[in-house]
$ cat run.cif   # mmCIF, C-alpha atoms
data_upload
#
loop_
_atom_site.label_atom_id
_atom_site.label_comp_id
_atom_site.auth_asym_id
_atom_site.auth_seq_id
_atom_site.Cartn_x
_atom_site.Cartn_y
_atom_site.Cartn_z
CA MET A 29 -89.64 153.03 -64.97
CA GLY A 30 -86.77 152.55 -62.55
CA TRP A 31 -86.81 150.03 -59.72
CA HIS A 32 -85.50 151.05 -56.32
CA SER A 33 -84.39 147.48 -55.63
CA VAL A 34 -82.23 147.53 -58.77
CA ASP A 35 -80.75 150.98 -58.10
CA ALA A 36 -79.94 149.85 -54.55
CA VAL A 37 -77.43 147.30 -55.87
CA ASP A 38 -75.00 150.07 -56.84
CA ASP A 39 -75.95 152.30 -53.91
CA ALA A 40 -75.12 149.49 -51.47
CA VAL A 41 -71.63 149.19 -52.96
CA GLU A 42 -70.94 152.87 -52.32
CA VAL A 43 -72.46 152.71 -48.83
CA THR A 44 -70.31 149.70 -47.93
CA ARG A 45 -67.17 151.42 -49.21
CA ARG A 46 -67.83 154.58 -47.25
CA PHE A 47 -68.89 152.69 -44.13
CA LEU A 48 -65.89 150.35 -43.96
CA PHE A 49 -63.09 152.49 -45.38
CA PRO A 50 -60.68 154.01 -44.72
CA PHE A 51 -59.74 150.99 -42.62
CA GLY A 52 -59.70 151.42 -38.85
CA LEU A 53 -58.61 148.53 -36.66
CA VAL A 54 -60.89 149.34 -33.71
CA ARG A 55 -63.88 150.02 -35.97
CA TRP A 56 -63.39 146.77 -37.86
CA ALA A 57 -62.90 144.80 -34.64
CA LYS A 58 -66.24 146.07 -33.34
CA LEU A 59 -67.96 145.30 -36.65
CA ALA A 60 -66.42 141.82 -36.67
CA LEU A 61 -67.82 141.21 -33.19
CA LEU A 62 -71.26 142.35 -34.32
CA VAL A 63 -71.20 140.16 -37.44
CA LEU A 64 -70.04 137.19 -35.37
CA LEU A 65 -72.69 137.50 -32.67
CA MET A 66 -75.73 139.20 -34.18
CA GLY A 67 -78.72 137.45 -35.70
CA GLY A 68 -80.57 135.22 -33.19
CA GLY A 69 -78.69 132.02 -32.95
CA ALA A 70 -77.58 131.10 -29.50
CA ASN A 71 -75.91 128.18 -27.84
CA ALA A 72 -76.17 127.49 -24.20
CA GLY A 73 -74.47 124.90 -22.10
CA VAL A 74 -75.52 123.88 -18.62
CA SER A 75 -73.30 121.85 -16.36
CA VAL A 76 -75.25 119.55 -14.04
CA PRO A 77 -73.41 117.80 -11.20
CA THR A 78 -73.56 114.05 -11.64
CA ALA A 79 -72.55 113.28 -8.07
CA PRO A 80 -74.60 115.28 -5.56
CA ASP A 81 -72.79 113.58 -2.69
CA ALA A 82 -69.64 115.48 -3.56
CA GLY A 83 -71.30 118.79 -2.79
CA ILE A 84 -72.82 117.39 0.39
CA GLY A 85 -69.46 116.11 1.52
CA GLY A 86 -68.02 119.58 0.99
CA ILE A 87 -70.64 121.03 3.33
CA SER A 88 -69.88 118.34 5.90
CA GLY A 89 -66.21 119.13 5.63
CA PHE A 90 -66.95 122.78 6.24
CA LEU A 91 -68.88 121.81 9.37
CA GLU A 92 -66.00 119.60 10.44
CA ALA A 93 -63.57 122.46 10.13
CA GLY A 94 -65.66 124.67 12.35
CA GLY A 95 -66.53 122.36 15.29
CA THR A 96 -65.13 119.68 17.51
CA GLU A 97 -64.40 116.19 16.26
CA THR A 98 -67.51 114.73 17.89
CA GLU A 99 -69.77 117.51 16.63
CA SER A 100 -68.42 117.28 13.08
CA VAL A 101 -68.89 113.52 12.78
CA ALA A 102 -72.35 113.43 14.33
CA GLY A 103 -73.63 116.68 12.83
CA GLY A 104 -72.08 116.01 9.43
CA ALA A 105 -73.55 112.52 9.26
CA GLU A 106 -77.00 113.77 10.24
CA PHE A 107 -76.84 116.63 7.72
CA ASP A 108 -75.69 114.33 4.92
CA ALA A 109 -78.46 111.88 5.73
CA VAL A 110 -81.15 114.58 5.71
CA VAL A 111 -79.98 116.16 2.45
CA SER A 112 -79.50 112.74 0.81
CA ASP A 113 -83.04 111.71 1.78
CA PHE A 114 -84.35 115.02 0.42
CA LEU A 115 -82.60 114.57 -2.92
CA ALA A 116 -83.64 110.94 -3.13
CA GLY A 117 -87.25 112.00 -2.63
CA LEU A 118 -87.17 114.41 -5.56
CA PRO A 119 -88.76 112.97 -8.70
CA GLY A 120 -86.55 112.68 -11.78
CA ASP A 121 -88.98 114.82 -13.77
CA TRP A 122 -88.37 117.75 -11.39
CA LEU A 123 -84.66 117.77 -12.17
CA ILE A 124 -85.32 117.48 -15.90
CA ALA A 125 -87.79 120.37 -15.71
CA ALA A 126 -85.30 122.50 -13.79
CA VAL A 127 -82.56 121.85 -16.33
CA ALA A 128 -84.97 122.53 -19.21
CA LEU A 129 -85.99 125.82 -17.58
CA VAL A 130 -82.37 126.94 -17.17
CA VAL A 131 -81.56 126.02 -20.77
CA THR A 132 -84.66 127.78 -22.08
CA VAL A 133 -83.99 130.97 -20.12
CA SER A 134 -80.37 130.97 -21.29
CA VAL A 135 -81.31 130.48 -24.93
CA VAL A 136 -83.95 133.22 -24.77
CA ALA A 137 -81.53 135.65 -23.10
CA LEU A 138 -78.79 134.97 -25.65
CA SER A 139 -81.25 135.24 -28.54
CA VAL A 140 -82.54 138.61 -27.33
CA ALA A 141 -78.95 139.81 -26.86
CA SER A 142 -78.14 138.66 -30.40
CA LEU A 143 -81.10 140.59 -31.80
CA SER A 144 -80.07 143.67 -29.81
CA LEU A 145 -76.64 143.45 -31.44
CA ARG A 146 -78.33 143.31 -34.83
CA LEU A 147 -80.09 146.57 -33.97
CA VAL A 148 -76.72 147.99 -32.91
CA PHE A 149 -75.39 147.31 -36.42
CA TYR A 150 -78.23 149.31 -37.96
CA ASP A 151 -77.61 152.03 -35.40
CA ALA A 152 -74.00 152.18 -36.63
CA LEU A 153 -75.23 152.72 -40.19
CA ARG A 154 -77.42 155.56 -38.98
CA THR A 155 -74.76 157.34 -36.92
CA ASN A 156 -71.64 156.20 -38.82
CA GLU A 157 -70.17 155.42 -35.41
CA VAL A 158 -69.66 151.83 -34.26
CA ARG A 159 -70.59 151.83 -30.59
CA LEU A 160 -71.48 148.70 -28.70
CA TRP A 161 -72.52 148.96 -25.06
CA ARG A 162 -74.77 152.04 -24.98
CA PRO A 163 -76.76 151.19 -28.16
CA PHE A 164 -76.97 147.57 -26.97
CA LEU A 165 -78.71 148.64 -23.78
CA GLY A 166 -80.79 151.27 -25.56
CA ARG A 167 -82.09 148.77 -28.12
CA PHE A 168 -82.63 145.87 -25.72
CA ARG A 169 -86.33 146.58 -25.24
CA GLN A 170 -86.85 146.66 -29.00
CA ALA A 171 -84.96 143.36 -29.22
CA VAL A 172 -87.38 141.74 -26.76
CA GLY A 173 -90.33 142.70 -28.94
CA LEU A 174 -88.48 141.52 -32.02
CA PHE A 175 -87.80 138.17 -30.35
CA VAL A 176 -91.47 137.69 -29.46
CA ALA A 177 -92.54 138.54 -33.01
CA SER A 178 -89.90 136.20 -34.44
CA VAL A 179 -91.05 133.30 -32.27
CA GLY A 180 -94.64 133.84 -33.32
CA LEU A 181 -93.82 134.02 -37.02
CA TRP A 182 -91.46 131.05 -36.83
CA SER A 183 -94.23 129.06 -35.15
CA LEU A 184 -96.56 129.89 -38.02
CA ALA A 185 -93.90 129.05 -40.60
CA VAL A 186 -92.86 125.72 -39.07
CA GLY A 187 -96.07 124.77 -37.26
CA PRO A 188 -98.11 123.41 -40.21
CA ILE A 189 -95.20 121.28 -41.38
CA ALA A 190 -94.48 119.90 -37.91
CA LEU A 191 -98.18 119.26 -37.30
CA ALA A 192 -98.54 117.41 -40.60
CA VAL A 193 -95.53 115.22 -39.81
CA LEU A 194 -96.81 114.41 -36.30
CA VAL A 195 -100.32 113.62 -37.50
CA ALA A 196 -98.96 111.40 -40.28
CA ALA A 197 -96.75 109.56 -37.80
CA ALA A 198 -99.61 109.18 -35.30
CA THR A 199 -101.88 107.83 -38.03
CA GLU A 200 -99.39 105.06 -38.77
CA ARG A 201 -98.42 104.40 -35.16
CA PRO A 202 -99.60 106.00 -31.88
CA ILE A 203 -96.99 108.35 -30.44
CA GLY A 204 -98.48 108.61 -26.96
CA TRP A 205 -99.51 112.26 -27.11
CA GLY A 206 -103.25 112.70 -26.55
CA PRO A 207 -103.99 115.85 -28.61
CA ILE A 208 -102.05 114.61 -31.63
CA GLY A 209 -103.61 111.16 -31.31
CA SER A 210 -107.10 112.64 -31.19
CA LEU A 211 -106.38 114.84 -34.22
CA ALA A 212 -104.96 111.87 -36.12
CA THR A 213 -108.10 109.86 -35.32
CA ALA A 214 -110.36 112.71 -36.40
CA VAL A 215 -108.46 113.29 -39.61
CA GLY A 216 -107.96 109.64 -40.38
CA SER A 217 -107.14 109.07 -44.02
CA PRO A 218 -108.82 111.97 -45.84
CA SER A 219 -109.78 111.73 -49.46
CA VAL A 220 -107.77 113.46 -52.14
CA GLY A 221 -109.89 116.63 -52.16
CA PRO A 222 -109.69 117.52 -48.45
CA ALA A 223 -106.02 116.49 -48.34
CA VAL A 224 -105.21 118.86 -51.20
CA ILE A 225 -107.15 121.70 -49.55
CA LEU A 226 -105.37 121.16 -46.22
CA GLY A 227 -102.03 121.04 -48.02
CA LEU A 228 -102.73 124.27 -49.87
CA VAL A 229 -103.89 126.07 -46.73
CA GLY A 230 -100.80 124.91 -44.84
CA SER A 231 -98.54 125.94 -47.71
CA VAL A 232 -100.10 129.42 -47.87
CA ILE A 233 -99.59 129.86 -44.13
CA VAL A 234 -95.95 128.77 -44.38
CA VAL A 235 -95.25 131.09 -47.35
CA LEU A 236 -96.96 134.10 -45.76
CA ALA A 237 -95.20 133.56 -42.43
CA THR A 238 -91.85 133.21 -44.18
CA LEU A 239 -92.40 136.42 -46.14
CA ALA A 240 -93.47 138.17 -42.95
CA LEU A 241 -90.25 137.05 -41.29
CA ARG A 242 -88.18 138.41 -44.15
CA LEU A 243 -90.10 141.67 -44.14
CA THR A 244 -89.56 141.93 -40.38
CA TYR A 245 -85.79 141.44 -40.47
CA GLU A 246 -85.08 143.29 -43.71
CA PHE A 247 -87.49 146.24 -43.55
CA VAL A 248 -89.13 146.48 -40.11
CA VAL A 249 -85.86 146.36 -38.17
CA PRO A 250 -84.36 149.42 -39.93
CA ALA A 251 -87.72 151.20 -39.57
CA MET A 252 -87.59 150.52 -35.82
CA VAL A 253 -84.13 152.09 -35.66
CA VAL A 254 -85.11 155.12 -37.74
CA GLU A 255 -88.22 155.95 -35.75
CA GLY A 256 -87.24 154.48 -32.37
CA THR A 257 -90.43 152.42 -32.16
CA GLY A 258 -91.34 148.85 -31.30
CA VAL A 259 -91.91 146.02 -33.70
CA LEU A 260 -95.67 146.58 -34.06
CA ALA A 261 -95.29 150.29 -34.82
CA GLY A 262 -92.46 149.42 -37.19
CA TRP A 263 -94.68 146.93 -38.96
CA ARG A 264 -97.45 149.51 -39.38
CA ARG A 265 -94.96 152.02 -40.77
CA VAL A 266 -93.46 149.54 -43.23
CA TRP A 267 -96.89 148.29 -44.26
CA ARG A 268 -97.93 151.81 -45.26
CA ALA A 269 -94.76 152.07 -47.33
CA VAL A 270 -94.92 148.76 -49.20
CA SER A 271 -98.66 148.08 -49.36
CA GLY A 272 -98.91 149.87 -52.71
CA GLU A 273 -95.55 148.64 -54.01
CA TRP A 274 -96.08 144.90 -54.36
CA VAL A 275 -94.48 144.69 -57.79
CA GLU A 276 -91.47 146.53 -56.38
CA PHE A 277 -91.36 144.07 -53.49
CA LEU A 278 -91.43 141.08 -55.84
CA VAL A 279 -88.57 142.58 -57.87
CA TYR A 280 -86.73 143.14 -54.60
CA LEU A 281 -87.11 139.47 -53.63
CA ALA A 282 -85.72 138.39 -57.01
CA VAL A 283 -82.77 140.78 -56.91
CA HIS A 284 -82.08 139.95 -53.26
CA PHE A 285 -81.82 136.28 -54.20
CA PHE A 286 -78.95 137.00 -56.58
CA VAL A 287 -77.34 139.40 -54.12
CA GLY A 288 -77.44 136.71 -51.44
CA LEU A 289 -76.19 134.09 -53.90
CA GLY A 290 -73.23 136.23 -54.90
CA THR A 291 -72.19 136.98 -51.34
CA ALA A 292 -72.61 133.31 -50.40
CA ILE A 293 -70.28 132.31 -53.24
CA VAL A 294 -67.68 134.84 -52.08
CA GLU A 295 -67.90 133.59 -48.50
CA GLY A 296 -67.80 129.96 -49.65
CA VAL A 297 -64.69 130.46 -51.77
CA THR A 298 -63.01 132.33 -48.92
CA LEU A 299 -63.85 129.54 -46.50
CA LEU A 300 -62.59 126.89 -48.93
CA VAL A 301 -59.26 128.62 -49.54
CA ALA A 302 -58.67 129.58 -45.92
CA GLY A 303 -59.80 126.15 -44.71
CA SER A 304 -57.40 124.43 -47.08
CA VAL A 305 -54.47 126.51 -45.89
CA VAL A 306 -55.35 126.09 -42.22
CA GLY A 307 -55.96 122.37 -42.72
CA VAL A 308 -52.57 121.80 -44.33
CA ILE A 309 -50.75 123.76 -41.63
CA SER A 310 -52.68 122.07 -38.82
CA GLY A 311 -52.08 118.63 -40.30
CA SER A 312 -48.37 119.33 -40.58
CA ALA A 313 -48.29 120.53 -36.97
CA LEU A 314 -50.01 117.33 -35.81
CA LEU A 315 -47.52 115.18 -37.73
CA LEU A 316 -44.59 117.04 -36.17
CA ALA A 317 -46.15 116.79 -32.70
CA ALA A 318 -46.72 113.04 -33.11
CA VAL A 319 -43.00 112.31 -33.56
CA PRO A 320 -41.87 112.94 -29.96
CA LEU A 321 -45.07 111.35 -28.61
CA GLY A 322 -44.39 108.01 -30.31
CA GLY A 323 -46.50 108.10 -33.48
CA LEU A 324 -49.93 109.12 -34.74
CA GLY A 325 -51.66 106.63 -32.45
CA ALA A 326 -50.31 108.49 -29.43
CA LEU A 327 -52.30 111.57 -30.42
CA VAL A 328 -55.54 109.84 -29.43
CA SER A 329 -54.31 107.31 -26.91
CA THR A 330 -52.31 109.48 -24.53
CA THR A 331 -53.19 112.47 -22.41
CA ALA A 332 -50.39 114.54 -23.92
CA GLY A 333 -51.60 113.64 -27.41
CA LEU A 334 -55.19 114.61 -26.68
CA VAL A 335 -54.07 117.92 -25.19
CA THR A 336 -51.94 118.57 -28.28
CA VAL A 337 -54.84 117.82 -30.61
CA ALA A 338 -57.13 120.09 -28.57
CA ILE A 339 -54.63 122.97 -28.65
CA ILE A 340 -53.92 122.68 -32.37
CA GLY A 341 -57.62 122.30 -33.15
CA THR A 342 -58.53 125.39 -31.11
CA VAL A 343 -55.80 127.45 -32.78
CA ALA A 344 -56.94 126.21 -36.20
CA VAL A 345 -60.57 127.18 -35.60
CA ALA A 346 -59.58 130.59 -34.22
CA THR A 347 -57.29 131.18 -37.21
CA LEU A 348 -60.00 130.17 -39.66
CA ILE A 349 -62.45 132.59 -38.04
CA ALA A 350 -59.85 135.37 -38.09
CA LEU A 351 -59.19 134.80 -41.80
CA THR A 352 -62.81 134.60 -42.92
CA LEU A 353 -64.42 137.15 -40.61
CA PRO A 354 -63.18 140.25 -42.49
CA VAL A 355 -64.83 138.93 -45.65
CA SER A 356 -68.03 138.31 -43.68
CA VAL A 357 -67.92 141.91 -42.44
CA VAL A 358 -67.87 143.15 -46.04
CA THR A 359 -70.53 140.77 -47.35
CA ARG A 360 -72.88 141.23 -44.40
CA SER A 361 -72.48 145.00 -44.55
CA TYR A 362 -73.27 144.96 -48.27
CA VAL A 363 -76.40 142.80 -47.93
CA ILE A 364 -77.79 144.91 -45.09
CA ALA A 365 -76.89 148.11 -46.96
CA TYR A 366 -78.79 146.76 -49.99
CA GLU A 367 -81.89 146.07 -47.92
CA VAL A 368 -81.77 149.47 -46.21
CA ALA A 369 -81.14 151.28 -49.51
CA THR A 370 -84.18 149.57 -51.06
CA LEU A 371 -86.39 150.56 -48.15
CA GLY A 372 -85.14 154.15 -48.31
CA GLY A 373 -85.86 154.24 -52.02
CA ILE A 374 -89.42 153.02 -51.52
CA ASP A 375 -90.06 155.45 -48.67
CA PRO A 376 -87.56 158.32 -48.21
CA GLY A 377 -88.98 158.86 -44.74
CA LEU A 378 -87.38 155.55 -43.72
CA ALA A 379 -83.93 156.41 -45.10
CA LEU A 380 -81.45 155.16 -42.52
CA PHE A 381 -77.94 156.01 -43.73
CA HIS A 382 -75.89 158.76 -42.16
CA PRO A 383 -75.25 161.61 -44.62
CA ASP A 384 -71.54 160.79 -44.71
CA ILE A 385 -72.19 157.32 -46.13
CA ASP A 386 -75.44 157.95 -48.01
CA PRO A 387 -74.69 158.16 -51.78
CA THR A 388 -78.09 159.63 -52.68
CA PRO A 389 -77.30 163.30 -51.97
CA ALA A 390 -74.07 162.99 -53.97
CA ASP A 391 -76.01 161.55 -56.88
CA GLY A 392 -78.46 164.40 -56.72
CA ASP A 393 -75.77 167.09 -56.88
#

$ encode --input "run.cif" --output "structure tokens"
Amino acid sequence: MGWHSVDAVDDAVEVTRRFLFPFGLVRWAKLALLVLLMGGGANAGVSVPTAPDAGIGGISGFLEAGGTETESVAGGAEFDAVVSDFLAGLPGDWLIAAVALVVTVSVVALSVASLSLRLVFYDALRTNEVRLWRPFLGRFRQAVGLFVASVGLWSLAVGPIALAVLVAAATERPIGWGPIGSLATAVGSPSVGPAVILGLVGSVIVVLATLALRLTYEFVVPAMVVEGTGVLAGWRRVWRAVSGEWVEFLVYLAVHFFVGLGTAIVEGVTLLVAGSVVGVISGSALLLAAVPLGGLGALVSTTAGLVTVAIIGTVAVATLIALTLPVSVVTRSYVIAYEVATLGGIDPGLALFHPDIDPTPADGD
């Protein structure tokens, strides 16, 4: 008996070759952007003014520029006093909540955009055309549903562990949070039997949620692209396909582990070699730059030295990304192609690859 997950190892090699070659600069640049940004991770930075009076003074100055000298002084002073009293009356928690809201909204928006780019990558495998903007907008609604499902599954996967840690900490020392304190009091110090049962139940929840996350990203996402459905419909479709193929799925998990290990080794070696080269060149550039500045100490003690370090560091990071990103394009394309090929083998109705890159018809000829 053949295993689709084993056959997909060779099929993914052929798919990756046909998808990435012959080399095209624009195509590779788009794929590099997708690999760099897709997935779900997002960073957000929010700049909060530390001196509100500076903004108020700017408004006063604007008033001064538009009126007479008497009006500007009197009106500006009154305006500054009113706004200052208003800001002083705001509780500190309000500002913290506002900043937290902005950060949360930014992270959610960037995460959804990242998931939409992931869907764009699968769309490129289906059409054999790497387009960015139109598929990004077209898949955005699917990305929102995928984000909601991911948050729910991540909560199930991490929740029992976090809850156990909080309860254990609250049992030893109150942490000031009512619900956790009440739960810690109710649980107390359970005997070995209940503790083992709770541990097993929590472990089962974590394992099932983790497997559900993997199934979502590795099988449900391509199903969503194939059928143009949301995450729930994609889940139902994938469930019908794999519900009778649990042995196949277990083999897939084992083979996928070695596939991921191999690509991680390739990426690690590439990063080590490229990092060593970039590090040596950057270090040499810093040594040369330190000579006219008066020594190595000047690199961190003078403005010119700090600017030099910042410039060289930025160039080094950009160079390292440029050197390693092409390898990441190949490895990421191969891993995703392996996952999609396995799903297509289990259920031909969910085959995603464009005929020009799909090796199956060629094998059947």

$ atom_distance --input "run.cif" --atom1 "CA of Leu143 in chain A" --atom2 "CA of Ala350 in chain A"
22.8 Å

$ closest_atom_pairs --input "run.cif" --of "range 236-284 of chain A" --to "range 145-165 of chain A" --cutoff "8 Å" --atoms "only C-alpha atoms" --output "Markdown table"
| residue | atom | partner | partner_atom | distance |
| --- | --- | --- | --- | --- |
| A:Val249 | CA | A:Leu147 | CA | 7.1 |
| A:Pro250 | CA | A:Tyr150 | CA | 6.4 |
| A:Val253 | CA | A:Asp151 | CA | 6.5 |
| A:Val254 | CA | A:Arg154 | CA | 7.8 |

$ residues_around --input "run.cif" --residues "Leu241 in chain A" --least-positions-apart "5" --cutoff "9 Å" --atoms "all atoms listed in the file" --output "list in words"
Ala177, Ser178, Leu181, Trp182, Ala185, Leu236 and Glu246 of chain A

$ residues_around --input "run.cif" --residues "Trp31 in chain A" --least-positions-apart "2" --cutoff "9 Å" --atoms "only C-alpha atoms" --output "ChimeraX atom specification"
/A:29,33-36,276,279-280,373

$ resolve_selection --input "run.cif" --expression "the PyMOL selection byres ((chain A and resi 188) around 10)" --output "short mmCIF file (atom, residue, chain, number, x, y, z; two decimals) with C-alpha atoms, in the coordinates of the input"
data_model
loop_
_atom_site.label_atom_id
_atom_site.label_comp_id
_atom_site.auth_asym_id
_atom_site.auth_seq_id
_atom_site.Cartn_x
_atom_site.Cartn_y
_atom_site.Cartn_z
CA SER A 183 -94.23 129.06 -35.15
CA LEU A 184 -96.56 129.89 -38.02
CA ALA A 185 -93.90 129.05 -40.60
CA VAL A 186 -92.86 125.72 -39.07
CA GLY A 187 -96.07 124.77 -37.26
CA ILE A 189 -95.20 121.28 -41.38
CA ALA A 190 -94.48 119.90 -37.91
CA LEU A 191 -98.18 119.26 -37.30
CA ALA A 192 -98.54 117.41 -40.60
CA VAL A 193 -95.53 115.22 -39.81
CA LEU A 194 -96.81 114.41 -36.30
CA LEU A 226 -105.37 121.16 -46.22
CA GLY A 227 -102.03 121.04 -48.02
CA VAL A 229 -103.89 126.07 -46.73
CA GLY A 230 -100.80 124.91 -44.84
CA SER A 231 -98.54 125.94 -47.71
CA VAL A 232 -100.10 129.42 -47.87
CA ILE A 233 -99.59 129.86 -44.13
CA VAL A 234 -95.95 128.77 -44.38
#

$ closest_residue --input "run.cif" --among "A:Thr352, A:Thr132, A:Thr244, A:Thr44" --to "Leu300 in chain A" --atoms "all atoms listed in the file"
A:Thr352

$ atom_distance --input "run.cif" --atom1 "CA of Thr336 in chain A" --atom2 "CA of Ser312 in chain A"
12.8 Å

$ atom_distance --input "run.cif" --atom1 "CA of Phe381 in chain A" --atom2 "CA of Val358 in chain A"
16.5 Å

$ resolve_selection --input "run.cif" --expression "the PyMOL selection byres ((chain A and resi 303-310) around 8)" --output "PDB file with C-alpha atoms, in the frame of the given file"
ATOM      1  CA  LEU A 299     -63.850 129.540 -46.500  1.00  0.00           C
ATOM      2  CA  LEU A 300     -62.590 126.890 -48.930  1.00  0.00           C
ATOM      3  CA  VAL A 301     -59.260 128.620 -49.540  1.00  0.00           C
ATOM      4  CA  ALA A 302     -58.670 129.580 -45.920  1.00  0.00           C
ATOM      5  CA  GLY A 311     -52.080 118.630 -40.300  1.00  0.00           C
ATOM      6  CA  SER A 312     -48.370 119.330 -40.580  1.00  0.00           C
ATOM      7  CA  ALA A 313     -48.290 120.530 -36.970  1.00  0.00           C
ATOM      8  CA  LEU A 314     -50.010 117.330 -35.810  1.00  0.00           C
ATOM      9  CA  ILE A 340     -53.920 122.680 -32.370  1.00  0.00           C
ATOM     10  CA  GLY A 341     -57.620 122.300 -33.150  1.00  0.00           C
ATOM     11  CA  ALA A 344     -56.940 126.210 -36.200  1.00  0.00           C
ATOM     12  CA  THR A 347     -57.290 131.180 -37.210  1.00  0.00           C
ATOM     13  CA  LEU A 348     -60.000 130.170 -39.660  1.00  0.00           C
TER      14      LEU A 348
END

$ closest_residue --input "run.cif" --among "A:Ala269, A:Ala171, A:Ala57, A:Val343" --to "Thr370 in chain A" --atoms "only C-alpha atoms"
A:Ala269

$ residues_around --input "run.cif" --residues "Asp386 in chain A" --least-positions-apart "6" --cutoff "9 Å" --atoms "all atoms listed in the file" --output "PDB file with C-alpha atoms, keeping the file's coordinate frame"
ATOM      1  CA  ASP A  39     -75.950 152.300 -53.910  1.00  0.00           C
ATOM      2  CA  GLU A  42     -70.940 152.870 -52.320  1.00  0.00           C
ATOM      3  CA  VAL A  43     -72.460 152.710 -48.830  1.00  0.00           C
ATOM      4  CA  ARG A  46     -67.830 154.580 -47.250  1.00  0.00           C
ATOM      5  CA  ALA A 369     -81.140 151.280 -49.510  1.00  0.00           C
ATOM      6  CA  LEU A 380     -81.450 155.160 -42.520  1.00  0.00           C
TER       7      LEU A 380
END

$ axis_aligned_box --input "run.cif" --around "range 332-343 of chain A" --padding-each-side "6 Å" --output "JSON"
{"center_x": -54.5, "center_y": 120.5, "center_z": -28.5, "size_x": 20.1, "size_y": 25.8, "size_z": 21.2}

$ closest_residue --input "run.cif" --among "A:Ala365, A:Leu243, A:Ile374, A:Ala379" --to "Val275 in chain A" --atoms "only C-alpha atoms"
A:Ile374

$ closest_residue --input "run.cif" --among "A:Met252, A:Val136, A:Val294, A:Ala338" --to "Val368 in chain A" --atoms "all atoms listed in the file"
A:Met252

$ closest_residue --input "run.cif" --among "A:Leu48, A:Ile339, A:Val287, A:Val270" --to "Leu371 in chain A" --atoms "only C-alpha atoms"
A:Val270

$ closest_residue --input "run.cif" --among "A:Pro354, A:Phe175, A:Val345, A:Val363" --to "Leu53 in chain A" --atoms "all atoms listed in the file"
A:Pro354

$ resolve_selection --input "run.cif" --expression "the PyMOL selection byres ((chain A and resi 259) around 10)" --output "list in words"
Gln170, Ala171, Val172, Gly173, Leu174, Phe175, Val176, Ala177, Thr244, Val248, Val249, Ala251, Met252, Gly256, Thr257, Gly258, Leu260, Ala261, Gly262, Trp263, Arg264 and Arg265 of chain A
